[in-house]
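Raw contents of target-v1.csv, CSV, C-alpha atoms and all ligand atoms:
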chain,number,residue,atom,x,y,z
A,1090,MET,CA,-77.7,-253.4,131.9
A,1091,ILE,CA,-77.0,-253.1,135.6
A,1092,ALA,CA,-77.9,-249.6,136.9
A,1093,SER,CA,-75.2,-247.0,136.9
A,1094,GLY,CA,-73.3,-245.9,139.8
A,1095,GLY,CA,-72.7,-249.4,141.2
A,1096,GLY,CA,-69.1,-249.5,140.3
A,1097,LYS,CA,-69.4,-253.3,139.7
A,1098,VAL,CA,-69.4,-255.5,136.7
A,1099,ALA,CA,-72.3,-255.2,134.2
A,1100,ALA,CA,-73.1,-258.7,132.8
A,1101,ASP,CA,-73.8,-257.6,129.3
A,1102,CYS,CA,-71.0,-255.0,129.0
A,1103,ILE,CA,-68.4,-255.8,126.4
A,1104,PHE,CA,-65.7,-253.7,128.1
A,1105,CYS,CA,-66.3,-255.6,131.4
A,1106,LYS,CA,-65.9,-258.8,129.4
A,1107,ILE,CA,-62.6,-257.6,128.0
A,1108,VAL,CA,-61.4,-256.7,131.5
A,1109,SER,CA,-62.3,-260.3,132.7
A,1110,ARG,CA,-60.9,-261.8,129.4
A,1111,GLU,CA,-64.3,-263.3,128.6
A,1112,ALA,CA,-64.0,-261.3,125.3
A,1113,PRO,CA,-60.9,-260.8,123.2
A,1114,GLY,CA,-59.2,-257.5,123.2
A,1115,GLU,CA,-55.9,-256.2,121.8
A,1116,ILE,CA,-54.7,-255.1,125.3
A,1117,LEU,CA,-52.0,-252.5,125.4
A,1118,TYR,CA,-51.6,-251.6,129.0
A,1119,GLU,CA,-53.0,-252.7,132.4
A,1120,THR,CA,-52.8,-251.7,136.0
A,1121,ASP,CA,-54.9,-252.6,139.0
A,1122,GLN,CA,-57.3,-249.8,138.1
A,1123,VAL,CA,-57.2,-249.3,134.4
A,1124,LEU,CA,-57.1,-251.1,131.1
A,1125,ALA,CA,-56.1,-249.8,127.6
A,1126,PHE,CA,-56.8,-251.7,124.4
A,1127,LEU,CA,-57.2,-251.0,120.6
A,1128,ASP,CA,-60.7,-249.9,119.5
A,1129,ILE,CA,-62.1,-252.6,117.1
A,1130,ALA,CA,-63.7,-249.8,115.0
A,1131,PRO,CA,-60.8,-247.3,114.8
A,1132,VAL,CA,-61.3,-243.9,113.2
A,1133,SER,CA,-57.5,-244.0,112.7
A,1134,ARG,CA,-55.1,-246.8,113.0
A,1135,GLY,CA,-53.9,-247.0,116.6
A,1136,HIS,CA,-57.2,-245.6,118.0
A,1137,ALA,CA,-57.1,-246.9,121.5
A,1138,LEU,CA,-59.5,-246.8,124.5
A,1139,VAL,CA,-58.6,-246.3,128.2
A,1140,ILE,CA,-61.1,-247.5,130.7
A,1141,PRO,CA,-61.5,-248.0,134.5
A,1142,LYS,CA,-61.7,-251.7,135.2
A,1143,VAL,CA,-64.7,-251.2,137.4
A,1144,HIS,CA,-67.9,-250.5,135.5
A,1145,TYR,CA,-69.2,-246.9,135.6
A,1146,GLU,CA,-71.5,-245.7,132.9
A,1147,THR,CA,-70.6,-242.1,132.3
A,1148,ILE,CA,-68.2,-239.5,133.5
A,1149,PHE,CA,-70.9,-238.4,136.0
A,1150,ASP,CA,-70.7,-241.6,138.1
A,1151,PHE,CA,-67.0,-242.1,137.6
A,1152,PRO,CA,-65.0,-241.4,140.8
A,1153,ALA,CA,-62.8,-238.4,140.2
A,1154,ALA,CA,-60.1,-240.0,142.4
A,1155,LEU,CA,-59.5,-242.5,139.6
A,1156,GLY,CA,-58.8,-239.6,137.2
A,1157,GLU,CA,-55.1,-239.6,137.9
A,1158,ASP,CA,-54.8,-243.3,136.9
A,1159,ILE,CA,-56.7,-242.6,133.7
A,1160,ILE,CA,-54.6,-239.6,132.8
A,1161,THR,CA,-51.4,-241.5,133.5
A,1162,ALA,CA,-52.5,-244.3,131.3
A,1163,MET,CA,-53.5,-241.9,128.5
A,1164,GLN,CA,-50.1,-240.2,128.6
A,1165,LEU,CA,-48.2,-243.5,128.4
A,1166,VAL,CA,-50.4,-245.2,125.9
A,1167,GLY,CA,-50.9,-242.0,123.9
A,1168,LYS,CA,-47.1,-241.5,123.4
A,1169,ALA,CA,-46.6,-245.2,122.6
A,1170,VAL,CA,-49.4,-245.1,120.0
A,1171,MET,CA,-47.9,-242.0,118.4
A,1172,ARG,CA,-44.5,-243.6,118.2
A,1173,ALA,CA,-45.9,-246.9,116.9
A,1174,THR,CA,-48.0,-245.3,114.2
A,1175,GLY,CA,-45.8,-242.3,113.3
A,1176,GLY,CA,-48.6,-240.1,114.4
A,1177,THR,CA,-47.7,-236.4,114.7
A,1178,GLY,CA,-50.8,-235.4,116.7
A,1179,LEU,CA,-53.2,-237.0,119.2
A,1180,ASN,CA,-56.8,-236.4,120.1
A,1181,VAL,CA,-58.3,-237.4,123.4
A,1182,GLY,CA,-62.1,-237.7,123.5
A,1183,GLN,CA,-64.7,-238.8,125.9
A,1184,ASN,CA,-68.4,-239.2,125.0
A,1185,ASN,CA,-71.5,-239.5,127.3
A,1186,PHE,CA,-74.9,-240.8,126.3
A,1187,ARG,CA,-76.1,-241.8,122.8
A,1188,ASP,CA,-76.7,-238.3,121.6
A,1189,ALA,CA,-72.9,-237.6,122.2
A,1190,TRP,CA,-71.9,-240.9,120.4
A,1191,GLN,CA,-71.4,-243.1,123.5
A,1192,LEU,CA,-71.9,-246.6,122.1
A,1193,VAL,CA,-70.7,-248.7,125.1
A,1194,ASP,CA,-72.1,-247.8,128.5
A,1195,HIS,CA,-68.8,-248.2,130.3
A,1196,VAL,CA,-67.0,-244.9,130.6
A,1197,HIS,CA,-64.0,-244.7,128.3
A,1198,TRP,CA,-61.5,-242.3,126.8
A,1199,HIS,CA,-60.5,-242.3,123.2
A,1200,ILE,CA,-56.9,-242.0,122.2
A,1201,ILE,CA,-56.8,-241.1,118.5
A,1202,PRO,CA,-53.5,-240.6,116.7
A,1203,ARG,CA,-53.5,-238.0,114.0
A,1204,PHE,CA,-51.4,-237.4,110.9
A,1205,ALA,CA,-50.7,-234.3,108.9
A,1206,GLY,CA,-53.4,-233.8,106.3
A,1207,ASP,CA,-55.2,-237.0,107.3
A,1208,GLY,CA,-58.6,-235.5,106.6
A,1209,LEU,CA,-59.9,-237.5,109.5
A,1210,THR,CA,-63.6,-237.7,110.0
A,1211,LEU,CA,-64.9,-239.5,113.0
A,1212,TRP,CA,-67.4,-241.6,111.1
A,1213,PRO,CA,-67.5,-244.2,109.6
A,1214,PRO,CA,-64.5,-246.0,111.3
A,1215,GLN,CA,-61.5,-246.6,109.1
A,1216,GLY,CA,-60.9,-250.2,110.4
A,1217,TYR,CA,-57.9,-252.4,109.8
A,1218,ASP,CA,-56.9,-254.3,106.7
A,1219,SER,CA,-57.0,-257.6,108.7
A,1220,PRO,CA,-57.2,-258.8,112.3
A,1221,GLU,CA,-53.4,-259.6,112.0
A,1222,GLN,CA,-52.6,-256.0,111.2
A,1223,MET,CA,-54.4,-254.9,114.4
A,1224,VAL,CA,-52.5,-257.6,116.5
A,1225,LEU,CA,-49.1,-256.5,115.0
A,1226,LEU,CA,-49.8,-252.9,115.9
A,1227,GLY,CA,-50.8,-253.8,119.4
A,1228,ARG,CA,-47.6,-255.7,119.8
A,1229,ASN,CA,-45.6,-252.7,118.6
A,1230,ILE,CA,-47.4,-250.3,121.0
A,1231,ARG,CA,-46.9,-252.7,124.0
A,1232,ALA,CA,-43.2,-253.1,123.2
A,1233,ARG,CA,-42.8,-249.3,123.3
A,1234,ILE,CA,-44.6,-249.1,126.6
A,1235,THR,CA,-42.5,-252.0,128.1
A,1236,GLU,CA,-39.2,-250.6,126.7
A,1237,GLY,CA,-40.0,-247.0,127.7
A,1238,LYS,CA,-39.5,-245.9,124.1
A,1239,THR,CA,-42.4,-243.5,124.1
A,1240,GLU,CA,-40.9,-240.1,123.9
A,1241,VAL,CA,-42.6,-238.0,121.2
B,1301,ZN,ZN,-68.6,-252.5,131.9
Show me the file's structure as structure tokens.
Ligand SMILES: [Zn+2]
Amino acid sequence: MIASGGGKVAADCIFCKIVSREAPGEILYETDQVLAFLDIAPVSRGHALVIPKVHYETIFDFPAALGEDIITAMQLVGKAVMRATGGTGLNVGQNNFRDAWQLVDHVHWHIIPRFAGDGLTLWPPQGYDSPEQMVLLGRNIRARITEGKTEV
């Protein structure tokens, strides 16, 4: 892993590879600065991640000036995820270092749709019934973002 704070690309970082399209990702939303995609190990269906495209390891080396882009993406993607899944609640989470459950060393924010009485526990992940189910949900969420049908 390339040292933190460089704001570059880390060669062995799966999120950097999703940004560069070297690795597949069910991408939901993209700007010059941020990318949002479905988590491959969702704790609820529609669980998405919002990341800066540039590699920063934790919130402590993430430039605060990028926070507005991240919040804007979380608002847009969060509403679309709720609409696409029928979610009636939404958790946002952000973990730093292994002892706080950060599994990928590229700072990221979790968007987790919630449902009344879902009894959600954060581990183990719930997953999808099939890769196709994940792709279909991604298509549904993207369509809501594109069409502006994201009011909740
Ligand atoms: Zn990275």
Please, which residues in chain A fall within 10 Å of ligand ZN 1301 (chain B) when counting all atoms listed in the file, and what is the closest atom pair and distance in Å to one decimal for each, ordered by chain then residue number, as JSON lines?
{"residue": "A:Met1090", "atom": "CA", "partner": "B:ZN1301", "partner_atom": "ZN", "distance": 9.1}
{"residue": "A:Ile1091", "atom": "CA", "partner": "B:ZN1301", "partner_atom": "ZN", "distance": 9.2}
{"residue": "A:Ser1093", "atom": "CA", "partner": "B:ZN1301", "partner_atom": "ZN", "distance": 9.9}
{"residue": "A:Gly1096", "atom": "CA", "partner": "B:ZN1301", "partner_atom": "ZN", "distance": 8.9}
{"residue": "A:Lys1097", "atom": "CA", "partner": "B:ZN1301", "partner_atom": "ZN", "distance": 7.9}
{"residue": "A:Val1098", "atom": "CA", "partner": "B:ZN1301", "partner_atom": "ZN", "distance": 5.7}
{"residue": "A:Ala1099", "atom": "CA", "partner": "B:ZN1301", "partner_atom": "ZN", "distance": 5.1}
{"residue": "A:Ala1100", "atom": "CA", "partner": "B:ZN1301", "partner_atom": "ZN", "distance": 7.7}
{"residue": "A:Asp1101", "atom": "CA", "partner": "B:ZN1301", "partner_atom": "ZN", "distance": 7.7}
{"residue": "A:Cys1102", "atom": "CA", "partner": "B:ZN1301", "partner_atom": "ZN", "distance": 4.5}
{"residue": "A:Ile1103", "atom": "CA", "partner": "B:ZN1301", "partner_atom": "ZN", "distance": 6.4}
{"residue": "A:Phe1104", "atom": "CA", "partner": "B:ZN1301", "partner_atom": "ZN", "distance": 4.9}
{"residue": "A:Cys1105", "atom": "CA", "partner": "B:ZN1301", "partner_atom": "ZN", "distance": 3.9}
{"residue": "A:Lys1106", "atom": "CA", "partner": "B:ZN1301", "partner_atom": "ZN", "distance": 7.3}
{"residue": "A:Ile1107", "atom": "CA", "partner": "B:ZN1301", "partner_atom": "ZN", "distance": 8.8}
{"residue": "A:Val1108", "atom": "CA", "partner": "B:ZN1301", "partner_atom": "ZN", "distance": 8.3}
{"residue": "A:Ile1140", "atom": "CA", "partner": "B:ZN1301", "partner_atom": "ZN", "distance": 9.1}
{"residue": "A:Pro1141", "atom": "CA", "partner": "B:ZN1301", "partner_atom": "ZN", "distance": 8.8}
{"residue": "A:Lys1142", "atom": "CA", "partner": "B:ZN1301", "partner_atom": "ZN", "distance": 7.7}
{"residue": "A:Val1143", "atom": "CA", "partner": "B:ZN1301", "partner_atom": "ZN", "distance": 6.9}
{"residue": "A:His1144", "atom": "CA", "partner": "B:ZN1301", "partner_atom": "ZN", "distance": 4.2}
{"residue": "A:Tyr1145", "atom": "CA", "partner": "B:ZN1301", "partner_atom": "ZN", "distance": 6.7}
{"residue": "A:Glu1146", "atom": "CA", "partner": "B:ZN1301", "partner_atom": "ZN", "distance": 7.5}
{"residue": "A:Val1193", "atom": "CA", "partner": "B:ZN1301", "partner_atom": "ZN", "distance": 8.1}
{"residue": "A:Asp1194", "atom": "CA", "partner": "B:ZN1301", "partner_atom": "ZN", "distance": 6.8}
{"residue": "A:His1195", "atom": "CA", "partner": "B:ZN1301", "partner_atom": "ZN", "distance": 4.6}
{"residue": "A:Val1196", "atom": "CA", "partner": "B:ZN1301", "partner_atom": "ZN", "distance": 7.9}
{"residue": "A:His1197", "atom": "CA", "partner": "B:ZN1301", "partner_atom": "ZN", "distance": 9.7}
**Prompt:** Nearest to Val1139 (chain A) among A:Glu1115, A:Gly1176, A:Asn1184, A:His1199, with distances taken over all atoms listed in the file: which residue is it?
**Reply:** A:His1199
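Across A:Ile1160, A:Ala1112, A:Ala1125, A:Ala1173, the tightest approach to Glu1240 (chain A) is made by A:Ala1173 when counting all atoms listed in the file.
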Please identify all polymer residues within 8 Å of Gly1167 (chain A), counting all atoms listed in the file, omitting same-chain residues fewer than 4 positions from it, and present them as a short mmCIF file (atom, residue, chain, number, x, y, z; two decimals) with C-alpha atoms, keeping the file's coordinate frame.
data_model
loop_
_atom_site.label_atom_id
_atom_site.label_comp_id
_atom_site.auth_asym_id
_atom_site.auth_seq_id
_atom_site.Cartn_x
_atom_site.Cartn_y
_atom_site.Cartn_z
CA ALA A 1162 -52.50 -244.30 131.30
CA MET A 1163 -53.50 -241.90 128.50
CA MET A 1171 -47.90 -242.00 118.40
CA LEU A 1179 -53.20 -237.00 119.20
CA ILE A 1200 -56.90 -242.00 122.20
CA PRO A 1202 -53.50 -240.60 116.70
#
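For the pair CA of Gly1178 (chain A) and CA of Ile1201 (chain A), the interatomic distance is 8.5 Å.
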Contacts between region 1233-1238 of chain A and region 1099-1120 of chain A, please, where a residue of region 1099-1120 of chain A counts if it comes within 12 Å (with all atoms listed in the file); show its shortest atom pair and distance in Å to one decimal, rows by chain and ascending number, as JSON lines.
{"residue": "A:Ile1116", "atom": "CA", "partner": "A:Ile1234", "partner_atom": "CA", "distance": 11.8}
{"residue": "A:Leu1117", "atom": "CA", "partner": "A:Ile1234", "partner_atom": "CA", "distance": 8.2}
{"residue": "A:Tyr1118", "atom": "CA", "partner": "A:Ile1234", "partner_atom": "CA", "distance": 7.8}
{"residue": "A:Glu1119", "atom": "CA", "partner": "A:Ile1234", "partner_atom": "CA", "distance": 10.8}
**Prompt:** Which one is closest to Arg1231 (chain A): A:Val1132, A:Ala1153, A:Gln1122, A:Arg1172? Count all atoms listed in the file.
**Reply:**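 That would be A:Arg1172, the residue with the smallest distance to Arg1231 (chain A).
Our summary of the geometry notes that CA of Asn1229 (chain A) is positioned 24.0 Å from CA of Leu1211 (chain A).
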**Item:** Point-to-point distance from CA of Asp1128 (chain A) to CA of Gly1114 (chain A), Å rounded to tenths
**Value:**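 Taking CA of Asp1128 (chain A) as the start and CA of Gly1114 (chain A) as the end point, the length is 8.6 Å.
Among the candidates A:Val1181, A:Leu1155, A:Met1223, A:Leu1209, the one nearest to Phe1126 (chain A) when counting all atoms listed in the file is A:Met1223.
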